[in-house]
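Trainee: Quick one: the structure is below, and I'll ask about it shortly.
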Amino acid sequence: MSRSWNWDAVWDFMPYFWDGLLLTLQALLFGTLLAFSLGLVWAIALRGPRWVAWPVIGVTEFVRNTPLLIQLFFLFFVIPDLPGGPTLSPLVAGSIGLGLHYSTYTMEVYRAGIEGVPAGQWEAARALSLPMGHTWRAVILPQAFRRTVPALGNYVIAMLKETPLISTIGLTELLLTAREYGVQSFNFMEPITVVGVAFIVIAYPASLLIRVLERRLATY
Amino acid sequence: MNTPNDTPAGAAGEAGSTGGRSPGEDLITFTDVTKRFGDNVVLDDLCFGVEANKHVTLIGPSGSGKTTILRLLMTLAKPDEGTIEVDGEYLTHERKNGKLVPAGEAHNRAVRKKIGMVFQQFNLFPNMRVLRNVTEAPVHVLGMEKDEAEERARGLIELVGLTEHLDKYPTQLSGGQQQRVAIARALAMRPKVLLLDEVTSALDPELVAGVLDVLRDIARSTDITMVCVTHEMSFARDISQKVLMFDQGKIVESGSPDKIFNDPDHERTREFLSSVH
Ligand SMILES: Nc1ncnc2c1ncn2[C@@H]1O[C@H](COP(=O)(O)OP(=O)(O)O)[C@@H](O)[C@H]1O
Ligand SMILES: [Mg+2]
């Protein structure tokens, strides 16, 4: 049962599309903020004493090696059943799941960035008696960050492409919006195509931007 | 070139005051210091002192433990045995109820402030401009006002001859210029002791003289106690009152530069000197 492309269906779908896009971008934004900040916390904790570093290794290995989908289900379906467990909205549970999962990857990016800062920088800071916190903030992290920007950017794009998973806990992000529209209108071709194109339109320029940044940040 | 005493705000002129320590007294004392890396005994039961206001040069073949001595002084490493005193206080140890116990971080930071170090590889902060490299520690460690720290830093940067490069990043400078910034950065903390670890050996030959001239100036015009590792024998002769010859973690002999360079007692010293000339 073939049929031709129907532009009317596209225009008809667009109002829903914008709603879905908004939710996708919100989940991406919150997830990114969480992944970036939590990953940094993990990476710094890894350099701490063993009683800090080992639990962090345990937790992050566990999170990285279990499917994101299970983590989303846990946050959304299981946590409310725990004693005192809060009920999380799909957006909140989805952002936390995405951010937590990807923090275990950004952790590795930060770790490599931090290890890439020469030992002489730590020693110079020490020789000047700079306090530890200040050494991290003013000396180590600024140098580590330039090395991390491209890799972090690539994880944002990867997270964008994972956002449809959050539809499984009921977030009407782009893909679920398209599916619901299809179910109601019996037109799947246009909404699914539009959503697919939308991902490319966001992700491709973003990856170009990352490449530009990568070159800019390569030297001081 | 300016001497530190003509620079604004006294710049380095006030650095390195001896804090009431009379000349002739030891500012640095190593007592039975042993340092090992695994089975490798790098410093072997070492004892020596450095008098206040004096400049001591450490010489010896590669691997003889010279850098390790400076790293112990900078508390970048800890001795396995023995104690090190600087200006009357123990490094990495402190006295509590008459006993020597491992020092807390506060004690270590207080002692470390008296000591500055210039590294072979400069180790400037590449994310900061020249001026901020020099002001960072005075502002954040000594609690100096930013304006005051910048004024002093300008004086020190003038002293090392880099006034026109204040706003550059380290990577925009030559190695010799970077090393001179590193010297200014160390002096900005007004250390009593300045440690210099082969500060010209990473430099192209034509840049060495500029750095050594700056150090000669500082040696002449301040009362900072210096411990210097170098293969530049004429420089060592110019600035130091005492030379220690090391081999395999032990002092082979020590004496005035004249004595060590012209008439050493030990064959090992003679061999070494002929190898670097
Ligand atoms: N971090 C380290 N780990 C293991 N061995 C080291 C370390 N630092 C120095 N050493 C060893 O200690 C010895 C003395 O080194 P060093 O103090 O750098 O000598 P020098 O500065 O006189 O050339 C060498 O044998 C070196 O290999
Ligand atoms: Mg050395």
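Every chain in the structure tokens takes a letter, A first, then B, and so on in the order presented; its residues are numbered from 1, and the ligands are numbered from 1 following the presented order.
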Which residues are close to Asn133 of chain B, i.e. within 9 Å by only C-alpha atoms, leaving aside same-chain residues fewer than 5 positions away? Reply as an MDAnalysis selection string.
Mentor: chainID B and resid 124:128 170 181:182 185
Trainee: For segment 227-236 of chain B, work out the shell of residues within 10 Å, counting only C-alpha atoms and skipping chain neighbours fewer than 3 positions away, then give it as a PyMOL selection string.
Mentor: chain B and resi 28+50+54-61+66-67+69-70+73+117-118+120+193-201+208-209+212-213+215-216+224+239-244+257+261+273+276-277
Trainee: Okay, now the selection with C-alpha atoms, as a short mmCIF file (atom, residue, chain, number, x, y, z; two decimals), in the first residue's frame?
Mentor:
data_model
loop_
_atom_site.label_atom_id
_atom_site.label_comp_id
_atom_site.auth_asym_id
_atom_site.auth_seq_id
_atom_site.Cartn_x
_atom_site.Cartn_y
_atom_site.Cartn_z
CA ILE B 28 68.89 24.76 56.05
CA VAL B 50 73.43 25.84 54.23
CA LYS B 54 74.73 32.07 51.26
CA HIS B 55 74.55 30.54 47.81
CA VAL B 56 75.39 26.90 47.53
CA THR B 57 75.82 25.02 44.28
CA LEU B 58 75.25 21.30 44.01
CA ILE B 59 77.22 19.54 41.29
CA GLY B 60 77.57 15.93 40.37
CA PRO B 61 76.77 13.46 37.62
CA LYS B 66 70.66 16.67 43.24
CA THR B 67 67.10 17.16 42.05
CA ILE B 69 67.47 17.21 47.40
CA LEU B 70 65.64 20.20 45.96
CA LEU B 73 63.31 20.94 50.31
CA MET B 117 61.66 26.98 43.34
CA VAL B 118 62.54 27.49 39.70
CA GLN B 120 64.20 23.09 34.66
CA VAL B 193 65.30 30.21 50.14
CA LEU B 194 65.36 29.94 46.37
CA LEU B 195 65.90 26.55 44.77
CA LEU B 196 67.21 26.48 41.20
CA ASP B 197 67.21 23.14 39.41
CA GLU B 198 69.28 23.28 36.22
CA VAL B 199 67.28 26.31 35.20
CA THR B 200 69.16 26.77 31.94
CA SER B 201 69.54 23.21 30.75
CA VAL B 208 71.30 30.84 28.64
CA ALA B 209 73.28 34.01 29.29
CA LEU B 212 72.12 33.60 34.24
CA ASP B 213 72.59 37.38 34.20
CA LEU B 215 70.23 35.27 38.55
CA ARG B 216 73.63 36.89 39.11
CA ILE B 224 68.03 35.23 49.53
CA ILE B 239 77.49 33.29 42.59
CA SER B 240 78.29 30.62 45.14
CA GLN B 241 80.32 30.64 48.28
CA LYS B 242 80.21 26.88 48.57
CA VAL B 243 80.07 23.94 46.20
CA LEU B 244 78.95 20.44 47.14
CA PRO B 257 84.32 27.21 44.34
CA PHE B 261 87.04 23.76 40.65
CA LEU B 273 84.61 18.39 36.14
CA VAL B 276 81.33 18.86 31.89
CA HIS B 277 84.00 21.25 30.63
#
Trainee: What residues in chain B lie within 8 Å of chain A, counting only C-alpha atoms, written as a ChimeraX atom specification?
Mentor: /B:74,76,109,112-113,115-117,121,123-127,137,140-141,169,171,186,189
Trainee: Save out the residues we just selected, N, CA, C and O atoms, as a short mmCIF file (atom, residue, chain, number, x, y, z; two decimals), in the first residue's frame.
Mentor:
data_model
loop_
_atom_site.label_atom_id
_atom_site.label_comp_id
_atom_site.auth_asym_id
_atom_site.auth_seq_id
_atom_site.Cartn_x
_atom_site.Cartn_y
_atom_site.Cartn_z
N MET B 74 61.50 21.34 48.75
CA MET B 74 60.24 21.96 48.32
C MET B 74 59.04 21.16 48.81
O MET B 74 57.90 21.48 48.50
N LEU B 76 58.09 18.42 47.75
CA LEU B 76 57.45 17.67 46.67
C LEU B 76 57.67 16.19 46.87
O LEU B 76 57.07 15.35 46.21
N ARG B 109 52.31 24.00 54.78
CA ARG B 109 52.09 25.17 53.93
C ARG B 109 52.84 26.38 54.46
O ARG B 109 53.40 27.16 53.71
N ARG B 112 56.50 25.87 53.61
CA ARG B 112 56.70 25.93 52.16
C ARG B 112 56.76 27.37 51.66
O ARG B 112 57.44 27.67 50.70
N LYS B 113 56.01 28.25 52.33
CA LYS B 113 55.99 29.65 51.89
C LYS B 113 57.35 30.31 51.95
O LYS B 113 57.59 31.32 51.31
N ILE B 115 60.01 29.00 50.93
CA ILE B 115 60.89 28.41 49.92
C ILE B 115 60.28 28.60 48.54
O ILE B 115 59.09 28.37 48.33
N GLY B 116 61.10 29.04 47.61
CA GLY B 116 60.65 29.17 46.22
C GLY B 116 61.48 28.28 45.34
O GLY B 116 62.61 27.94 45.69
N MET B 117 60.91 27.88 44.21
CA MET B 117 61.66 26.98 43.34
C MET B 117 61.49 27.38 41.88
O MET B 117 60.40 27.77 41.45
N GLN B 121 62.02 22.91 33.64
CA GLN B 121 61.03 23.06 32.55
C GLN B 121 60.11 24.26 32.75
O GLN B 121 59.00 24.30 32.23
N ASN B 123 57.61 25.41 33.99
CA ASN B 123 56.32 25.13 34.63
C ASN B 123 55.49 26.38 34.89
O ASN B 123 54.82 26.48 35.92
N LEU B 124 55.53 27.32 33.96
CA LEU B 124 54.61 28.45 34.07
C LEU B 124 53.20 27.95 33.84
O LEU B 124 53.00 26.89 33.24
N PHE B 125 52.21 28.71 34.33
CA PHE B 125 50.82 28.33 34.10
C PHE B 125 50.41 28.83 32.71
O PHE B 125 50.29 30.04 32.51
N PRO B 126 50.21 27.93 31.75
CA PRO B 126 50.00 28.38 30.36
C PRO B 126 48.66 29.06 30.15
O PRO B 126 48.48 29.76 29.16
N ASN B 127 47.74 28.86 31.09
CA ASN B 127 46.42 29.47 30.94
C ASN B 127 46.38 30.89 31.52
O ASN B 127 45.33 31.51 31.49
N ALA B 137 50.06 33.77 43.21
CA ALA B 137 50.34 33.30 44.56
C ALA B 137 50.34 34.44 45.60
O ALA B 137 49.77 34.27 46.68
N HIS B 140 46.64 34.98 46.25
CA HIS B 140 45.85 33.88 46.82
C HIS B 140 46.52 33.16 47.97
O HIS B 140 45.88 32.37 48.66
N VAL B 141 47.79 33.40 48.17
CA VAL B 141 48.48 32.75 49.29
C VAL B 141 48.85 33.76 50.37
O VAL B 141 48.58 33.55 51.55
N TYR B 169 50.87 35.37 26.80
CA TYR B 169 50.80 34.04 27.41
C TYR B 169 52.18 33.40 27.32
O TYR B 169 52.94 33.69 26.40
N THR B 171 53.28 30.66 26.23
CA THR B 171 53.69 30.00 24.99
C THR B 171 54.09 30.99 23.90
O THR B 171 54.64 30.59 22.89
N ALA B 186 58.70 33.16 41.32
CA ALA B 186 59.20 32.63 42.59
C ALA B 186 59.56 33.77 43.55
O ALA B 186 59.25 33.71 44.74
N MET B 189 56.95 35.70 45.89
CA MET B 189 56.54 35.15 47.19
C MET B 189 57.51 35.53 48.30
O MET B 189 57.36 35.09 49.44
#
Trainee: Excluding Ile200 of chain A and its own-chain neighbours fewer than 6 positions away, which residues fall within 12 Å of it when counting only C-alpha atoms? Please give them as a list in words.
Mentor: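 Result of the neighbour search: Ile157, Leu160, Lys161, Thr193, Val194, Ala206, Ser207 and Leu208 of chain A.
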Trainee: From a DSSP pass on the backbone, collect the residues of segment 21-150 of chain B flagged as alpha helix (DSSP H) and hand them back as a PyMOL selection string.
Mentor: chain B and resi 66-73+105-112+130-140+146-150
Trainee: Please return as a VMD selection string the residues found within 6 Å of ligand 1, counting only C-alpha atoms and all ligand atoms.
Mentor: chain B and resid 37 42 62 to 68
Trainee: Just all heavy atoms for this one: save the residues we selected as a CSV table (one decimal), in the first residue's frame.
Mentor:
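Output file result34.csv is given in full below:
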chain,number,residue,atom,x,y,z
B,37,PHE,N,63.9,5.1,46.3
B,37,PHE,CA,62.8,4.7,45.4
B,37,PHE,C,62.9,3.2,45.2
B,37,PHE,O,63.8,2.8,44.5
B,37,PHE,CB,62.9,5.5,44.1
B,37,PHE,CG,62.7,6.9,44.2
B,37,PHE,CD1,63.7,7.9,44.1
B,37,PHE,CD2,61.4,7.4,44.4
B,37,PHE,CE1,63.5,9.2,44.2
B,37,PHE,CE2,61.2,8.8,44.5
B,37,PHE,CZ,62.2,9.7,44.4
B,42,VAL,N,68.7,6.7,46.9
B,42,VAL,CA,69.0,7.9,46.1
B,42,VAL,C,69.8,8.9,46.9
B,42,VAL,O,70.7,9.6,46.4
B,42,VAL,CB,67.7,8.5,45.5
B,42,VAL,CG1,68.0,9.9,44.9
B,42,VAL,CG2,67.1,7.6,44.5
B,62,SER,N,74.7,13.1,36.5
B,62,SER,CA,73.2,12.9,36.4
B,62,SER,C,72.9,11.6,37.3
B,62,SER,O,73.6,10.6,37.2
B,62,SER,CB,72.9,12.6,35.0
B,62,SER,OG,71.5,12.3,34.8
B,63,GLY,N,71.8,11.7,38.0
B,63,GLY,CA,71.4,10.6,38.8
B,63,GLY,C,72.0,10.6,40.2
B,63,GLY,O,71.7,9.7,41.0
B,64,SER,N,72.8,11.6,40.5
B,64,SER,CA,73.5,11.6,41.8
B,64,SER,C,72.6,12.1,43.0
B,64,SER,O,73.0,12.0,44.1
B,64,SER,CB,74.8,12.4,41.8
B,64,SER,OG,74.5,13.7,41.4
B,65,GLY,N,71.4,12.6,42.7
B,65,GLY,CA,70.4,12.9,43.7
B,65,GLY,C,70.2,14.4,43.9
B,65,GLY,O,69.5,14.8,44.9
B,66,LYS,N,70.7,15.2,43.0
B,66,LYS,CA,70.7,16.7,43.2
B,66,LYS,C,69.2,17.2,43.2
B,66,LYS,O,68.8,17.9,44.1
B,66,LYS,CB,71.5,17.4,42.2
B,66,LYS,CG,72.9,16.9,42.1
B,66,LYS,CD,73.7,17.6,41.0
B,66,LYS,CE,73.2,17.4,39.6
B,66,LYS,NZ,73.3,16.0,39.0
B,67,THR,N,68.5,16.7,42.2
B,67,THR,CA,67.1,17.2,42.0
B,67,THR,C,66.3,16.7,43.2
B,67,THR,O,65.4,17.4,43.8
B,67,THR,CB,66.5,16.6,40.7
B,67,THR,OG1,67.1,17.2,39.7
B,67,THR,CG2,65.0,16.9,40.7
B,68,THR,N,66.6,15.5,43.7
B,68,THR,CA,65.9,14.9,44.8
B,68,THR,C,66.0,15.8,46.1
B,68,THR,O,65.1,16.0,46.8
B,68,THR,CB,66.3,13.5,45.1
B,68,THR,OG1,66.2,12.7,43.9
B,68,THR,CG2,65.6,12.8,46.2
Trainee: So, with only C-alpha atoms as the atoms that count, which of B:Asp26, B:Glu271, B:Asp147, B:Asp258 lies closest to Val86 of chain B?
Mentor: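 Selected residue with least distance to Val86 of chain B: B:Asp26.
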Trainee: As an NGL selection string, please: the residues near Thr87 of chain A (cut-off 12 Å, only C-alpha atoms, same-chain neighbours under 6 positions excluded).
Mentor: :A and (74-81 or 93)
Trainee: Could you write out that same residue set with C-alpha atoms as a compact mmCIF listing (two decimals), in the first residue's frame?
Mentor:
# COMPACT_ATOMS: atom_id res chain seq x y z
CA PHE A 74 14.28 2.24 37.86
CA LEU A 75 14.04 6.00 38.34
CA PHE A 76 10.49 6.22 37.02
CA PHE A 77 8.80 2.99 38.15
CA VAL A 78 10.85 1.65 41.06
CA ILE A 79 11.87 4.72 43.07
CA PRO A 80 8.28 5.81 43.83
CA ASP A 81 7.68 2.33 45.29
CA ALA A 93 13.44 11.04 35.71
Trainee: Taking only segment 69-254 of chain B into account, list the residues labelled strand (DSSP E or B) by DSSP (computed from the backbone), as a PyMOL selection string.
Mentor: chain B and resi 81-86+89-90+93-96+99-102+115-118+193-197+225-229+242-247+250-254
Trainee: Pick out the residues sitting within 12 Å of Thr29 of chain B, and hand them over as JSON, numbers by chain; count only C-alpha atoms, and ignore anything fewer than 4 positions along from it in its own chain.
Mentor: {"B": [25, 33, 46, 47, 48, 49, 50, 51, 52, 69, 72, 73, 82, 83, 84, 85, 86, 87, 88, 89, 90, 91]}
